[in-house]
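**Q** So that we are looking at the same thing, I have put the structure below in structure tokens.
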Amino acid sequence: MKINLSTTVEQDYLSVKEGFNESLFKKLSPPFPPVKLIRFDGSSKGDLVSLELNFIFFKQKWISEITDDHTNESEFYFVDEGIKLPFFLGKWKHKHRIVKSKEGAEIKDEIEYEGPNALMTALLYPALYLQFLYRKPIYKKIFNIK
């Protein structure tokens, strides 16, 4: 299943690229489930990000590896792929794109995921969509010119 969301911000794409750091990652974490950041290497190929999701009665580990990154004159992107996922996910690939635009930059979240079965994949869609929709006002607040 795929989820694609886009947010336009006022800063240029290279400034936004520099803002994609551990501090931003923590701000983007939704209120539920609470997320404990265990490891954050960055957004370059080979980097790891490790999280602990707290579902009150149990905790789940999520480890992603940055499998690709690229910068050119019009775009920066990096791809994180799940290598250890919570029980409700079978596959995770998230391409973070920051594309140069006339207004500044467009932040694009392009997610591909699968649950352990077709039913779970479908049931996850609304929750995951809302988790990424939650990011839009945070992106705007952080990356709009003050």
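Each chain in the structure tokens gets a letter, A, B and so on, in the order shown; residues start at 1 in every chain, and ligands are counted from 1 in the order they appear.
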Please return as an MDAnalysis selection string: the residues of chain A that backbone DSSP assigns to strand (DSSP E or B).

**A** chainID A and resid 2:9 35:40 48:54 59:71 75:84 91:100 105:114

**Q** Based on the backbone DSSP call, show me all residues of chain A assigned helix (DSSP H, G or I), as a PDB file with N, CA and C atoms, in the first residue's frame.

**A**
```pdb
ATOM      1  N   TYR A  13      15.215  24.407  -0.528  1.00  0.00           N
ATOM      2  CA  TYR A  13      15.335  22.977  -0.272  1.00  0.00           C
ATOM      3  C   TYR A  13      16.628  22.592   0.449  1.00  0.00           C
ATOM      4  N   LEU A  14      17.711  23.322   0.227  1.00  0.00           N
ATOM      5  CA  LEU A  14      18.960  22.985   0.911  1.00  0.00           C
ATOM      6  C   LEU A  14      18.907  23.375   2.393  1.00  0.00           C
ATOM      7  N   SER A  15      18.215  24.455   2.719  1.00  0.00           N
ATOM      8  CA  SER A  15      18.019  24.820   4.124  1.00  0.00           C
ATOM      9  C   SER A  15      17.144  23.792   4.820  1.00  0.00           C
ATOM     10  N   VAL A  16      16.108  23.338   4.123  1.00  0.00           N
ATOM     11  CA  VAL A  16      15.224  22.308   4.687  1.00  0.00           C
ATOM     12  C   VAL A  16      16.019  21.019   4.890  1.00  0.00           C
ATOM     13  N   LYS A  17      16.863  20.674   3.927  1.00  0.00           N
ATOM     14  CA  LYS A  17      17.716  19.476   4.054  1.00  0.00           C
ATOM     15  C   LYS A  17      18.509  19.534   5.355  1.00  0.00           C
ATOM     16  N   GLU A  18      19.115  20.694   5.640  1.00  0.00           N
ATOM     17  CA  GLU A  18      19.919  20.838   6.860  1.00  0.00           C
ATOM     18  C   GLU A  18      19.069  20.685   8.117  1.00  0.00           C
ATOM     19  N   GLY A  19      17.777  20.998   8.013  1.00  0.00           N
ATOM     20  CA  GLY A  19      16.883  20.886   9.167  1.00  0.00           C
ATOM     21  C   GLY A  19      16.362  19.484   9.431  1.00  0.00           C
ATOM     22  N   GLU A  22      18.056  15.156  14.098  1.00  0.00           N
ATOM     23  CA  GLU A  22      17.481  14.466  15.255  1.00  0.00           C
ATOM     24  C   GLU A  22      16.411  15.305  15.949  1.00  0.00           C
ATOM     25  N   SER A  23      16.633  16.603  16.052  1.00  0.00           N
ATOM     26  CA  SER A  23      15.665  17.495  16.697  1.00  0.00           C
ATOM     27  C   SER A  23      14.325  17.475  15.956  1.00  0.00           C
ATOM     28  N   LEU A  24      14.369  17.569  14.618  1.00  0.00           N
ATOM     29  CA  LEU A  24      13.137  17.520  13.830  1.00  0.00           C
ATOM     30  C   LEU A  24      12.465  16.169  13.998  1.00  0.00           C
ATOM     31  N   PHE A  25      13.243  15.101  13.950  1.00  0.00           N
ATOM     32  CA  PHE A  25      12.685  13.768  14.086  1.00  0.00           C
ATOM     33  C   PHE A  25      11.866  13.649  15.375  1.00  0.00           C
ATOM     34  N   LYS A  26      12.396  14.171  16.465  1.00  0.00           N
ATOM     35  CA  LYS A  26      11.685  14.117  17.753  1.00  0.00           C
ATOM     36  C   LYS A  26      10.400  14.934  17.709  1.00  0.00           C
ATOM     37  N   LYS A  27      10.433  16.088  17.044  1.00  0.00           N
ATOM     38  CA  LYS A  27       9.229  16.930  16.950  1.00  0.00           C
ATOM     39  C   LYS A  27       8.146  16.289  16.092  1.00  0.00           C
ATOM     40  N   LEU A  28       8.537  15.464  15.128  1.00  0.00           N
ATOM     41  CA  LEU A  28       7.573  14.830  14.227  1.00  0.00           C
ATOM     42  C   LEU A  28       6.892  13.616  14.845  1.00  0.00           C
ATOM     43  N   ALA A 118      -3.156  -8.974   4.125  1.00  0.00           N
ATOM     44  CA  ALA A 118      -3.899  -7.946   3.380  1.00  0.00           C
ATOM     45  C   ALA A 118      -4.864  -7.165   4.269  1.00  0.00           C
ATOM     46  N   LEU A 119      -5.509  -7.847   5.204  1.00  0.00           N
ATOM     47  CA  LEU A 119      -6.452  -7.167   6.093  1.00  0.00           C
ATOM     48  C   LEU A 119      -5.727  -6.133   6.953  1.00  0.00           C
ATOM     49  N   MET A 120      -4.604  -6.521   7.539  1.00  0.00           N
ATOM     50  CA  MET A 120      -3.853  -5.589   8.383  1.00  0.00           C
ATOM     51  C   MET A 120      -3.309  -4.428   7.558  1.00  0.00           C
ATOM     52  N   THR A 121      -2.887  -4.693   6.321  1.00  0.00           N
ATOM     53  CA  THR A 121      -2.409  -3.620   5.443  1.00  0.00           C
ATOM     54  C   THR A 121      -3.494  -2.567   5.271  1.00  0.00           C
ATOM     55  N   ALA A 122      -4.716  -3.005   5.003  1.00  0.00           N
ATOM     56  CA  ALA A 122      -5.837  -2.076   4.820  1.00  0.00           C
ATOM     57  C   ALA A 122      -6.186  -1.352   6.123  1.00  0.00           C
ATOM     58  N   LEU A 123      -6.174  -2.074   7.227  1.00  0.00           N
ATOM     59  CA  LEU A 123      -6.529  -1.469   8.517  1.00  0.00           C
ATOM     60  C   LEU A 123      -5.505  -0.429   8.970  1.00  0.00           C
ATOM     61  N   LEU A 124      -4.268  -0.598   8.572  1.00  0.00           N
ATOM     62  CA  LEU A 124      -3.219   0.350   8.961  1.00  0.00           C
ATOM     63  C   LEU A 124      -3.303   1.679   8.220  1.00  0.00           C
ATOM     64  N   TYR A 125      -3.922   1.679   7.040  1.00  0.00           N
ATOM     65  CA  TYR A 125      -3.914   2.874   6.197  1.00  0.00           C
ATOM     66  C   TYR A 125      -4.388   4.138   6.927  1.00  0.00           C
ATOM     67  N   PRO A 126      -5.571   4.146   7.565  1.00  0.00           N
ATOM     68  CA  PRO A 126      -6.012   5.400   8.203  1.00  0.00           C
ATOM     69  C   PRO A 126      -5.067   5.871   9.309  1.00  0.00           C
ATOM     70  N   ALA A 127      -4.566   4.942  10.108  1.00  0.00           N
ATOM     71  CA  ALA A 127      -3.673   5.325  11.208  1.00  0.00           C
ATOM     72  C   ALA A 127      -2.362   5.897  10.670  1.00  0.00           C
ATOM     73  N   LEU A 128      -1.789   5.245   9.680  1.00  0.00           N
ATOM     74  CA  LEU A 128      -0.532   5.734   9.119  1.00  0.00           C
ATOM     75  C   LEU A 128      -0.733   7.055   8.380  1.00  0.00           C
ATOM     76  N   TYR A 129      -1.836   7.174   7.656  1.00  0.00           N
ATOM     77  CA  TYR A 129      -2.123   8.420   6.951  1.00  0.00           C
ATOM     78  C   TYR A 129      -2.205   9.582   7.960  1.00  0.00           C
ATOM     79  N   LEU A 130      -2.906   9.378   9.054  1.00  0.00           N
ATOM     80  CA  LEU A 130      -3.039  10.428  10.073  1.00  0.00           C
ATOM     81  C   LEU A 130      -1.699  10.742  10.735  1.00  0.00           C
ATOM     82  N   GLN A 131      -0.863   9.727  10.950  1.00  0.00           N
ATOM     83  CA  GLN A 131       0.459   9.947  11.546  1.00  0.00           C
ATOM     84  C   GLN A 131       1.284  10.893  10.675  1.00  0.00           C
ATOM     85  N   PHE A 132       1.165  10.755   9.352  1.00  0.00           N
ATOM     86  CA  PHE A 132       1.947  11.615   8.465  1.00  0.00           C
ATOM     87  C   PHE A 132       1.252  12.947   8.210  1.00  0.00           C
ATOM     88  N   LEU A 133      -0.052  12.986   8.257  1.00  0.00           N
ATOM     89  CA  LEU A 133      -0.785  14.245   8.169  1.00  0.00           C
ATOM     90  C   LEU A 133      -0.408  15.139   9.356  1.00  0.00           C
ATOM     91  N   ARG A 135       2.353  15.632  10.548  1.00  0.00           N
ATOM     92  CA  ARG A 135       3.623  16.303  10.284  1.00  0.00           C
ATOM     93  C   ARG A 135       3.472  17.636   9.553  1.00  0.00           C
ATOM     94  N   LYS A 136       2.417  17.789   8.764  1.00  0.00           N
ATOM     95  CA  LYS A 136       2.288  18.974   7.906  1.00  0.00           C
ATOM     96  C   LYS A 136       2.408  20.300   8.670  1.00  0.00           C
ATOM     97  N   PRO A 137       1.640  20.523   9.740  1.00  0.00           N
ATOM     98  CA  PRO A 137       1.778  21.815  10.437  1.00  0.00           C
ATOM     99  C   PRO A 137       3.139  21.973  11.119  1.00  0.00           C
ATOM    100  N   ILE A 138       3.763  20.867  11.495  1.00  0.00           N
ATOM    101  CA  ILE A 138       5.094  20.945  12.105  1.00  0.00           C
ATOM    102  C   ILE A 138       6.114  21.384  11.056  1.00  0.00           C
ATOM    103  N   TYR A 139       6.051  20.785   9.882  1.00  0.00           N
ATOM    104  CA  TYR A 139       6.929  21.214   8.787  1.00  0.00           C
ATOM    105  C   TYR A 139       6.752  22.708   8.513  1.00  0.00           C
ATOM    106  N   LYS A 140       5.487  23.151   8.424  1.00  0.00           N
ATOM    107  CA  LYS A 140       5.227  24.564   8.116  1.00  0.00           C
ATOM    108  C   LYS A 140       5.766  25.486   9.214  1.00  0.00           C
ATOM    109  N   LYS A 141       5.568  25.104  10.454  1.00  0.00           N
ATOM    110  CA  LYS A 141       6.034  25.941  11.562  1.00  0.00           C
ATOM    111  C   LYS A 141       7.561  26.045  11.571  1.00  0.00           C
ATOM    112  N   ILE A 142       8.231  24.948  11.344  1.00  0.00           N
ATOM    113  CA  ILE A 142       9.687  24.929  11.413  1.00  0.00           C
ATOM    114  C   ILE A 142      10.353  25.542  10.182  1.00  0.00           C
ATOM    115  N   PHE A 143       9.780  25.286   9.009  1.00  0.00           N
ATOM    116  CA  PHE A 143      10.464  25.671   7.763  1.00  0.00           C
ATOM    117  C   PHE A 143       9.878  26.886   7.061  1.00  0.00           C
TER     118      PHE A 143
END
```

**Q** For A:Ser74, which residue out of A:Asp12, A:Asp41, A:Asp47, A:Asp109 is the nearest one, using only C-alpha atoms?

**A**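 The answer is A:Asp12, which sits nearest to A:Ser74.
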
**Q** Can you pull out the residues contacting A:Glu52? Cut-off 6 Å, using only C-alpha atoms, and skip same-chain residues under 4 positions away; I want them as a PyMOL selection string.

**A** chain A and resi 35-36+60-61

**Q** Keeping C-alpha atoms, export the residues of the selection given above as a PDB file, in the first residue's frame.

**A**
```pdb
ATOM      1  CA  VAL A  35       8.325   7.094  20.758  1.00  0.00           C
ATOM      2  CA  LYS A  36      11.695   6.771  22.458  1.00  0.00           C
ATOM      3  CA  GLN A  60       7.883  -2.635  20.048  1.00  0.00           C
ATOM      4  CA  LYS A  61      11.264  -1.955  18.442  1.00  0.00           C
TER       5      LYS A  61
END
```

**Q** Extract, using only C-alpha atoms, all DNA, RNA and protein residues at most 7 Å from stretch 5-8 of chain A, discarding same-chain residues fewer than 2 positions from it, and format them as a short mmCIF file (atom, residue, chain, number, x, y, z; two decimals) with C-alpha atoms, in the first residue's frame.

**A**
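Everything below was put into selection.cif:
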```
data_model
loop_
_atom_site.label_atom_id
_atom_site.label_comp_id
_atom_site.auth_asym_id
_atom_site.auth_seq_id
_atom_site.Cartn_x
_atom_site.Cartn_y
_atom_site.Cartn_z
CA ILE A 3 0.71 6.84 1.07
CA GLU A 10 8.96 28.80 2.39
CA ALA A 105 10.49 23.74 -1.15
CA GLU A 106 8.03 20.89 -1.21
CA ILE A 107 8.48 18.17 1.40
CA LYS A 108 7.15 14.87 0.10
CA ASP A 109 6.59 11.78 2.19
CA GLU A 110 6.27 8.73 -0.07
CA LYS A 136 2.29 18.97 7.91
#
```
